[in-house]
>>> print(open('coords.cif').read())   # mmCIF, C-alpha atoms
data_run
#
loop_
_atom_site.label_atom_id
_atom_site.label_comp_id
_atom_site.auth_asym_id
_atom_site.auth_seq_id
_atom_site.Cartn_x
_atom_site.Cartn_y
_atom_site.Cartn_z
CA MET E 1 -158.28 44.27 71.58
CA HIS E 2 -154.86 42.95 72.54
CA ASN E 3 -152.39 45.20 74.32
CA GLU E 4 -150.10 45.35 71.28
CA ASP E 5 -152.93 46.41 68.99
CA TYR E 6 -154.23 48.88 71.55
CA ILE E 7 -150.79 50.52 71.90
CA ALA E 8 -150.28 50.58 68.12
CA SER E 9 -153.66 52.24 67.54
CA GLY E 10 -152.27 55.66 68.56
CA ILE E 11 -154.85 56.25 71.28
CA LEU E 12 -152.13 56.68 73.90
CA GLU E 13 -150.55 59.49 71.91
CA LEU E 14 -153.98 61.12 71.55
CA TYR E 15 -154.41 60.88 75.31
CA ALA E 16 -151.07 62.61 75.84
CA ALA E 17 -151.98 65.29 73.29
CA GLY E 18 -155.40 65.95 74.90
CA GLY E 19 -157.38 64.78 71.90
CA LEU E 20 -159.77 62.38 73.69
CA THR E 21 -163.16 62.86 75.29
CA GLN E 22 -163.61 62.36 79.00
CA ALA E 23 -165.06 58.89 78.50
CA GLU E 24 -162.17 57.88 76.24
CA ARG E 25 -159.62 59.22 78.72
CA GLU E 26 -161.23 57.20 81.53
CA GLU E 27 -161.08 54.07 79.39
CA VAL E 28 -157.35 54.63 78.71
CA GLU E 29 -156.66 55.16 82.41
CA GLN E 30 -158.57 51.99 83.32
CA ARG E 31 -156.64 49.88 80.84
CA ALA E 32 -153.34 51.43 81.99
CA ALA E 33 -154.18 50.57 85.58
CA ALA E 34 -154.94 46.97 84.61
CA SER E 35 -151.94 46.40 82.31
CA PRO E 36 -148.29 47.29 83.18
CA GLU E 37 -147.46 47.15 79.47
CA ILE E 38 -150.07 49.78 78.58
CA ARG E 39 -149.12 51.89 81.59
CA LEU E 40 -145.45 51.93 80.53
CA ALA E 41 -146.40 52.85 76.93
CA LEU E 42 -148.70 55.62 78.24
CA GLU E 43 -145.93 57.05 80.42
CA GLU E 44 -143.56 57.07 77.44
CA ALA E 45 -146.16 58.85 75.28
CA CYS E 46 -146.77 61.47 77.97
CA ALA E 47 -143.02 61.97 78.47
CA THR E 48 -142.53 62.42 74.73
CA MET E 49 -145.38 64.93 74.52
CA GLU E 50 -144.00 66.84 77.51
CA ALA E 51 -140.55 66.97 75.90
CA TYR E 52 -142.10 68.20 72.66
CA ALA E 53 -144.07 70.91 74.50
CA THR E 54 -140.97 72.00 76.42
CA LEU E 55 -138.95 72.17 73.22
CA TYR E 56 -141.43 74.48 71.46
CA ALA E 57 -142.71 76.43 74.51
CA VAL E 58 -142.90 80.23 74.09
CA GLN E 59 -142.17 82.43 77.10
CA PRO E 60 -144.63 85.39 77.58
CA ARG E 61 -143.26 88.88 77.22
CA PRO E 62 -142.18 90.54 80.53
CA GLU E 63 -144.37 93.62 79.88
CA LEU E 64 -147.50 91.42 79.86
CA LYS E 65 -146.88 90.43 83.49
CA ASP E 66 -146.43 94.10 84.47
CA ARG E 67 -149.68 95.09 82.75
CA ILE E 68 -151.66 92.39 84.61
CA MET E 69 -150.19 93.36 87.98
CA GLN E 70 -151.08 97.03 87.37
CA GLN E 71 -154.70 96.07 86.75
CA PHE E 72 -154.89 94.29 90.10
CA ALA E 73 -153.30 97.27 91.87
CA THR E 74 -155.66 99.93 90.37
CA PRO E 75 -158.80 100.58 92.55
CA ALA E 76 -162.14 100.08 90.87
CA GLN E 77 -163.95 103.27 89.73
CA GLU E 78 -167.49 104.00 90.88
CA ASN E 79 -168.84 104.01 87.41
CA ASN E 80 -167.38 100.52 86.83
CA VAL E 81 -168.94 98.92 89.89
CA ILE E 82 -170.86 95.84 88.92
CA ALA E 83 -174.48 95.80 89.90
CA GLU E 84 -175.59 93.37 92.57
CA GLU E 85 -177.67 91.59 90.03
CA GLU E 86 -175.21 90.34 87.49
CA THR E 87 -176.10 90.31 83.90
CA PRO E 88 -176.26 86.72 82.69
CA VAL E 89 -173.46 85.78 80.33
CA HIS E 90 -174.28 83.61 77.39
CA PRO E 91 -171.31 81.79 75.78
CA LEU E 92 -170.97 82.33 72.07
CA VAL E 93 -170.93 78.69 71.19
CA TYR E 94 -172.78 77.52 68.18
CA PRO E 95 -174.02 73.96 67.84
CA GLY E 96 -171.27 72.99 65.40
CA ASP E 97 -168.38 74.56 67.33
CA GLU E 98 -167.92 71.66 69.75
CA LYS E 99 -167.63 69.12 66.94
CA GLU E 100 -165.23 71.40 65.05
CA ALA E 101 -163.03 71.83 68.15
CA SER E 102 -162.95 68.08 68.65
CA ALA E 103 -161.93 67.62 65.03
CA TYR E 104 -159.12 70.12 65.47
CA LYS E 105 -157.93 68.21 68.53
CA TRP E 106 -157.86 64.99 66.54
CA MET E 107 -155.95 66.67 63.71
CA PHE E 108 -153.42 68.17 66.14
CA ALA E 109 -152.94 64.85 67.91
CA ALA E 110 -152.59 63.02 64.60
CA SER E 111 -149.94 65.51 63.43
CA ILE E 112 -147.97 64.94 66.65
CA VAL E 113 -148.18 61.16 66.18
CA LEU E 114 -147.02 61.44 62.57
CA PHE E 115 -144.14 63.70 63.64
CA LEU E 116 -142.98 61.25 66.31
CA LEU E 117 -143.43 58.28 63.98
CA SER E 118 -141.43 59.92 61.17
CA GLY E 119 -138.62 60.75 63.60
CA TRP E 120 -138.53 57.18 64.88
CA LEU E 121 -138.51 55.75 61.34
CA SER E 122 -135.70 58.08 60.29
CA PHE E 123 -133.60 57.05 63.29
CA HIS E 124 -134.39 53.36 62.70
CA PHE E 125 -133.46 53.34 59.00
CA TYR E 126 -130.34 55.43 59.66
CA ASN E 127 -129.10 52.78 62.11
CA LYS E 128 -129.89 50.03 59.60
CA TRP E 129 -127.97 51.91 56.91
CA GLN E 130 -124.96 52.29 59.23
CA GLU E 131 -125.03 48.57 60.02
CA ALA E 132 -125.19 47.72 56.31
CA GLU E 133 -122.22 50.01 55.61
CA GLN E 134 -120.18 48.29 58.34
CA ARG E 135 -121.07 44.82 57.05
CA LEU E 136 -120.15 45.85 53.50
CA ALA E 137 -116.79 47.22 54.67
CA GLY E 138 -116.12 43.95 56.51
CA VAL E 139 -116.96 41.89 53.41
CA ILE E 140 -114.69 44.03 51.22
CA ALA E 141 -111.81 43.73 53.70
CA SER E 142 -112.31 39.96 53.87
CA GLU E 143 -112.29 39.66 50.06
CA GLN E 144 -109.12 41.74 49.83
CA GLN E 145 -107.40 39.53 52.41
CA LEU E 146 -108.49 36.41 50.52
CA ALA E 147 -107.10 37.87 47.30
CA ARG E 148 -103.74 38.59 48.99
CA ASN E 149 -103.62 35.09 50.43
CA PHE E 150 -104.42 33.62 47.01
CA ARG E 151 -101.66 35.61 45.31
CA GLN E 152 -99.17 34.62 47.99
CA THR E 153 -100.14 30.95 47.77
CA SER E 154 -99.96 31.05 43.98
CA GLN E 155 -96.47 32.58 44.13
CA GLN E 156 -95.28 29.95 46.60
CA PHE E 157 -96.73 27.18 44.44
CA LYS E 158 -94.99 28.60 41.37
CA GLN E 159 -91.67 28.76 43.22
CA GLN E 160 -92.06 25.17 44.37
CA GLU E 161 -92.78 24.06 40.80
CA GLU E 162 -89.64 25.85 39.56
CA THR E 163 -87.54 24.32 42.34
CA LEU E 164 -88.85 20.84 41.58
CA ALA E 165 -88.14 21.28 37.88
CA ILE E 166 -84.52 22.29 38.62
CA LEU E 167 -83.97 19.40 41.03
CA ARG E 168 -85.30 16.90 38.50
CA ASN E 169 -83.29 18.30 35.59
CA PRO E 170 -80.03 16.33 35.23
CA ALA E 171 -78.45 19.26 33.36
CA TYR E 172 -78.11 21.12 36.67
CA LYS E 173 -75.06 20.39 38.79
CA GLN E 174 -75.44 20.75 42.53
CA VAL E 175 -72.50 22.47 44.23
CA LEU E 176 -72.36 22.47 48.03
CA LEU E 177 -70.61 25.54 49.46
CA LYS E 178 -69.30 25.02 53.00
CA GLY E 179 -68.20 27.58 55.54
CA VAL E 180 -64.53 28.51 55.90
CA ALA E 181 -62.69 28.32 59.23
CA ALA E 182 -64.07 31.70 60.37
CA HIS E 183 -67.66 30.59 59.61
CA PRO E 184 -67.89 26.83 60.07
CA GLU E 185 -71.71 26.88 60.52
CA ALA E 186 -72.38 28.65 57.19
CA GLU E 187 -73.39 26.74 54.05
CA MET E 188 -75.52 26.97 50.91
CA LYS E 189 -76.18 25.19 47.63
CA VAL E 190 -75.63 26.36 44.05
CA TYR E 191 -77.38 24.79 41.04
CA TRP E 192 -75.61 25.49 37.75
CA ASN E 193 -76.70 24.56 34.21
CA ALA E 194 -73.59 24.95 32.03
CA ALA E 195 -75.52 24.55 28.76
CA GLN E 196 -78.05 27.27 29.59
CA GLN E 197 -75.56 29.23 31.80
CA LYS E 198 -78.26 29.52 34.52
CA VAL E 199 -77.34 29.72 38.20
CA TYR E 200 -79.60 29.34 41.24
CA VAL E 201 -78.83 29.42 44.97
CA ASP E 202 -80.85 27.50 47.56
CA ALA E 203 -80.80 26.47 51.24
CA VAL E 204 -78.90 29.65 52.07
CA SER E 205 -77.66 29.44 55.67
CA LEU E 206 -75.39 32.45 56.13
CA PRO E 207 -74.94 34.74 59.15
CA ALA E 208 -77.07 37.85 59.05
CA PRO E 209 -75.01 40.57 57.33
CA PRO E 210 -74.29 43.74 59.31
CA THR E 211 -75.79 47.07 58.27
CA GLY E 212 -74.37 48.30 54.98
CA LYS E 213 -73.11 44.85 53.95
CA GLN E 214 -74.43 42.21 51.54
CA TYR E 215 -73.31 38.76 50.38
CA GLN E 216 -72.00 38.43 46.80
CA LEU E 217 -71.65 35.21 44.79
CA TRP E 218 -68.53 34.62 42.69
CA ALA E 219 -67.75 32.04 40.03
CA LEU E 220 -64.05 31.08 39.89
CA LYS E 221 -62.46 30.13 36.58
CA ASP E 222 -58.69 29.64 36.31
CA GLY E 223 -58.30 31.57 39.56
CA LYS E 224 -60.23 34.60 38.28
CA PRO E 225 -63.44 35.68 40.04
CA ILE E 226 -66.58 36.41 38.01
CA ASP E 227 -69.45 38.36 39.55
CA ALA E 228 -72.53 36.12 39.84
CA GLY E 229 -74.83 38.58 41.65
CA MET E 230 -75.97 39.61 45.13
CA ILE E 231 -77.65 37.15 47.51
CA GLU E 232 -80.77 38.03 49.47
CA VAL E 233 -80.59 36.51 52.95
CA SER E 234 -83.98 35.94 54.58
CA ASP E 235 -85.86 33.46 56.73
CA ASP E 236 -87.91 32.30 53.73
CA LYS E 237 -86.24 29.17 52.34
CA ALA E 238 -89.22 28.11 50.18
CA GLY E 239 -87.84 29.10 46.77
CA MET E 240 -84.61 29.38 44.87
CA GLN E 241 -82.99 32.66 43.95
CA GLN E 242 -81.80 33.09 40.38
CA MET E 243 -78.36 34.68 39.95
CA LYS E 244 -76.44 36.06 36.97
CA ASN E 245 -75.68 33.75 34.05
CA ILE E 246 -72.31 32.00 34.22
CA GLY E 247 -70.85 30.30 31.16
CA ALA E 248 -67.80 28.63 32.70
CA ALA E 249 -66.76 27.95 36.29
CA GLN E 250 -64.61 25.59 38.36
CA ALA E 251 -65.86 26.70 41.80
CA PHE E 252 -68.20 29.11 43.54
CA ALA E 253 -67.57 31.33 46.57
CA VAL E 254 -69.39 33.93 48.64
CA THR E 255 -67.88 37.02 50.24
CA LEU E 256 -69.32 39.80 52.39
CA GLU E 257 -69.22 43.06 50.43
CA PRO E 258 -70.64 46.59 50.71
CA THR E 259 -74.32 46.83 49.73
CA GLY E 260 -74.61 46.67 45.94
CA GLY E 261 -71.46 44.56 45.48
CA SER E 262 -67.83 45.02 44.55
CA ALA E 263 -65.86 44.71 41.32
CA SER E 264 -63.53 42.15 42.95
CA PRO E 265 -64.04 39.93 46.02
CA THR E 266 -62.77 40.89 49.48
CA LEU E 267 -60.88 37.73 50.36
CA GLU E 268 -60.74 38.64 54.06
CA GLN E 269 -64.58 38.40 54.06
CA LEU E 270 -64.75 34.94 52.42
CA THR E 271 -67.69 33.05 53.99
CA VAL E 272 -68.37 29.83 52.00
CA MET E 273 -66.72 28.10 49.05
CA GLY E 274 -67.19 24.88 47.03
CA ASN E 275 -65.67 23.19 43.98
CA ILE E 276 -67.67 21.89 41.02
CA ASP E 277 -67.32 18.16 40.58
CA SER E 278 -66.06 17.30 37.11
#
>>> encode(input="coords.cif", output="structure tokens")
Amino acid sequence: MHNEDYIASGILELYAAGGLTQAEREEVEQRAAASPEIRLALEEACATMEAYATLYAVQPRPELKDRIMQQFATPAQENNVIAEEETPVHPLVYPGDEKEASAYKWMFAASIVLFLLSGWLSFHFYNKWQEAEQRLAGVIASEQQLARNFRQTSQQFKQQEETLAILRNPAYKQVLLKGVAAHPEAEMKVYWNAAQQKVYVDAVSLPAPPTGKQYQLWALKDGKPIDAGMIEVSDDKAGMQQMKNIGAAQAFAVTLEPTGGSASPTLEQLTVMGNIDS
């Protein structure tokens, strides 16, 4: 029998539980002496059995020790002196008792093996369940991230399609707004469709507004400003931003206003301006 089969047979656990005959114990010891693998498995079985016995050991009552010590201390009475010729003692063992005791030993050892095996299986399958839970959580998180990436990519693709459609549409006039003397580096583009009254801003390159301030777009007609909406300044230049509809305009301008906008432009905060080519 191979070492693996010998270890898996449960004979080592029976050895540790005291359920083997003397001949069987000697055979186990011989094989353990000849094989380091069997010796290690035998040591583990004995250690497990010792731990089990320690766990369920029952301490004797203190009064039992006192009773035994009193018996040793009490002198023997004359009428209890044992005769020089001892009466032979015959053990009350019937022919079937030895086989029955051996069967009980096997049953006890088998119950210990089943107990240890069930504990090991429970621990093993619990670890497998935990690993499966972790893998499932990882898969769910990965799918959620893929879904977010897909939505973001779809949104960017849609914005690019809208931008391309505006650039190709001859009905849109492109108005370049350049920075005034106080902001020479600022600029942006406005696309205006007079027939549909739609206005878009793109390529916004404006200084970051201070806290509590926001840029506002104005359409100028006969010197009168018309509110065209608030501009969102960000690092994302991928898509155009749609503004309020404007039916008539001769120029566009941007001023820095309080957050939410103003009813009329603050001329001191004029940032960019551009005329519409006729």
>>> residues_around(input="coords.cif", residues="Glu37 of chain E", least_positions_apart="4", cutoff="10 Å", atoms="all atoms listed in the file", output="PyMOL selection string")
chain E and resi 3-4+7+31-33+41-42
>>> closest_residue(input="coords.cif", among="E:Thr48, E:Gln242, E:Gln216, E:Thr266", to="Val254 of chain E", atoms="all atoms listed in the file")
E:Gln216
>>> atom_distance(input="coords.cif", atom1="atom CA of Gln197 of chain E", atom2="atom CA of Pro258 of chain E")
26.1 Å
>>> closest_residue(input="coords.cif", among="E:Ile231, E:Glu26, E:Gly223, E:Ala181", to="Glu268 of chain E", atoms="all atoms listed in the file")
E:Ala181
>>> residues_around(input="coords.cif", residues="Pro184 of chain E", least_positions_apart="3", cutoff="12 Å", atoms="all atoms listed in the file", output="PyMOL selection string")
chain E and resi 177-181+187-188+205-207+270-273
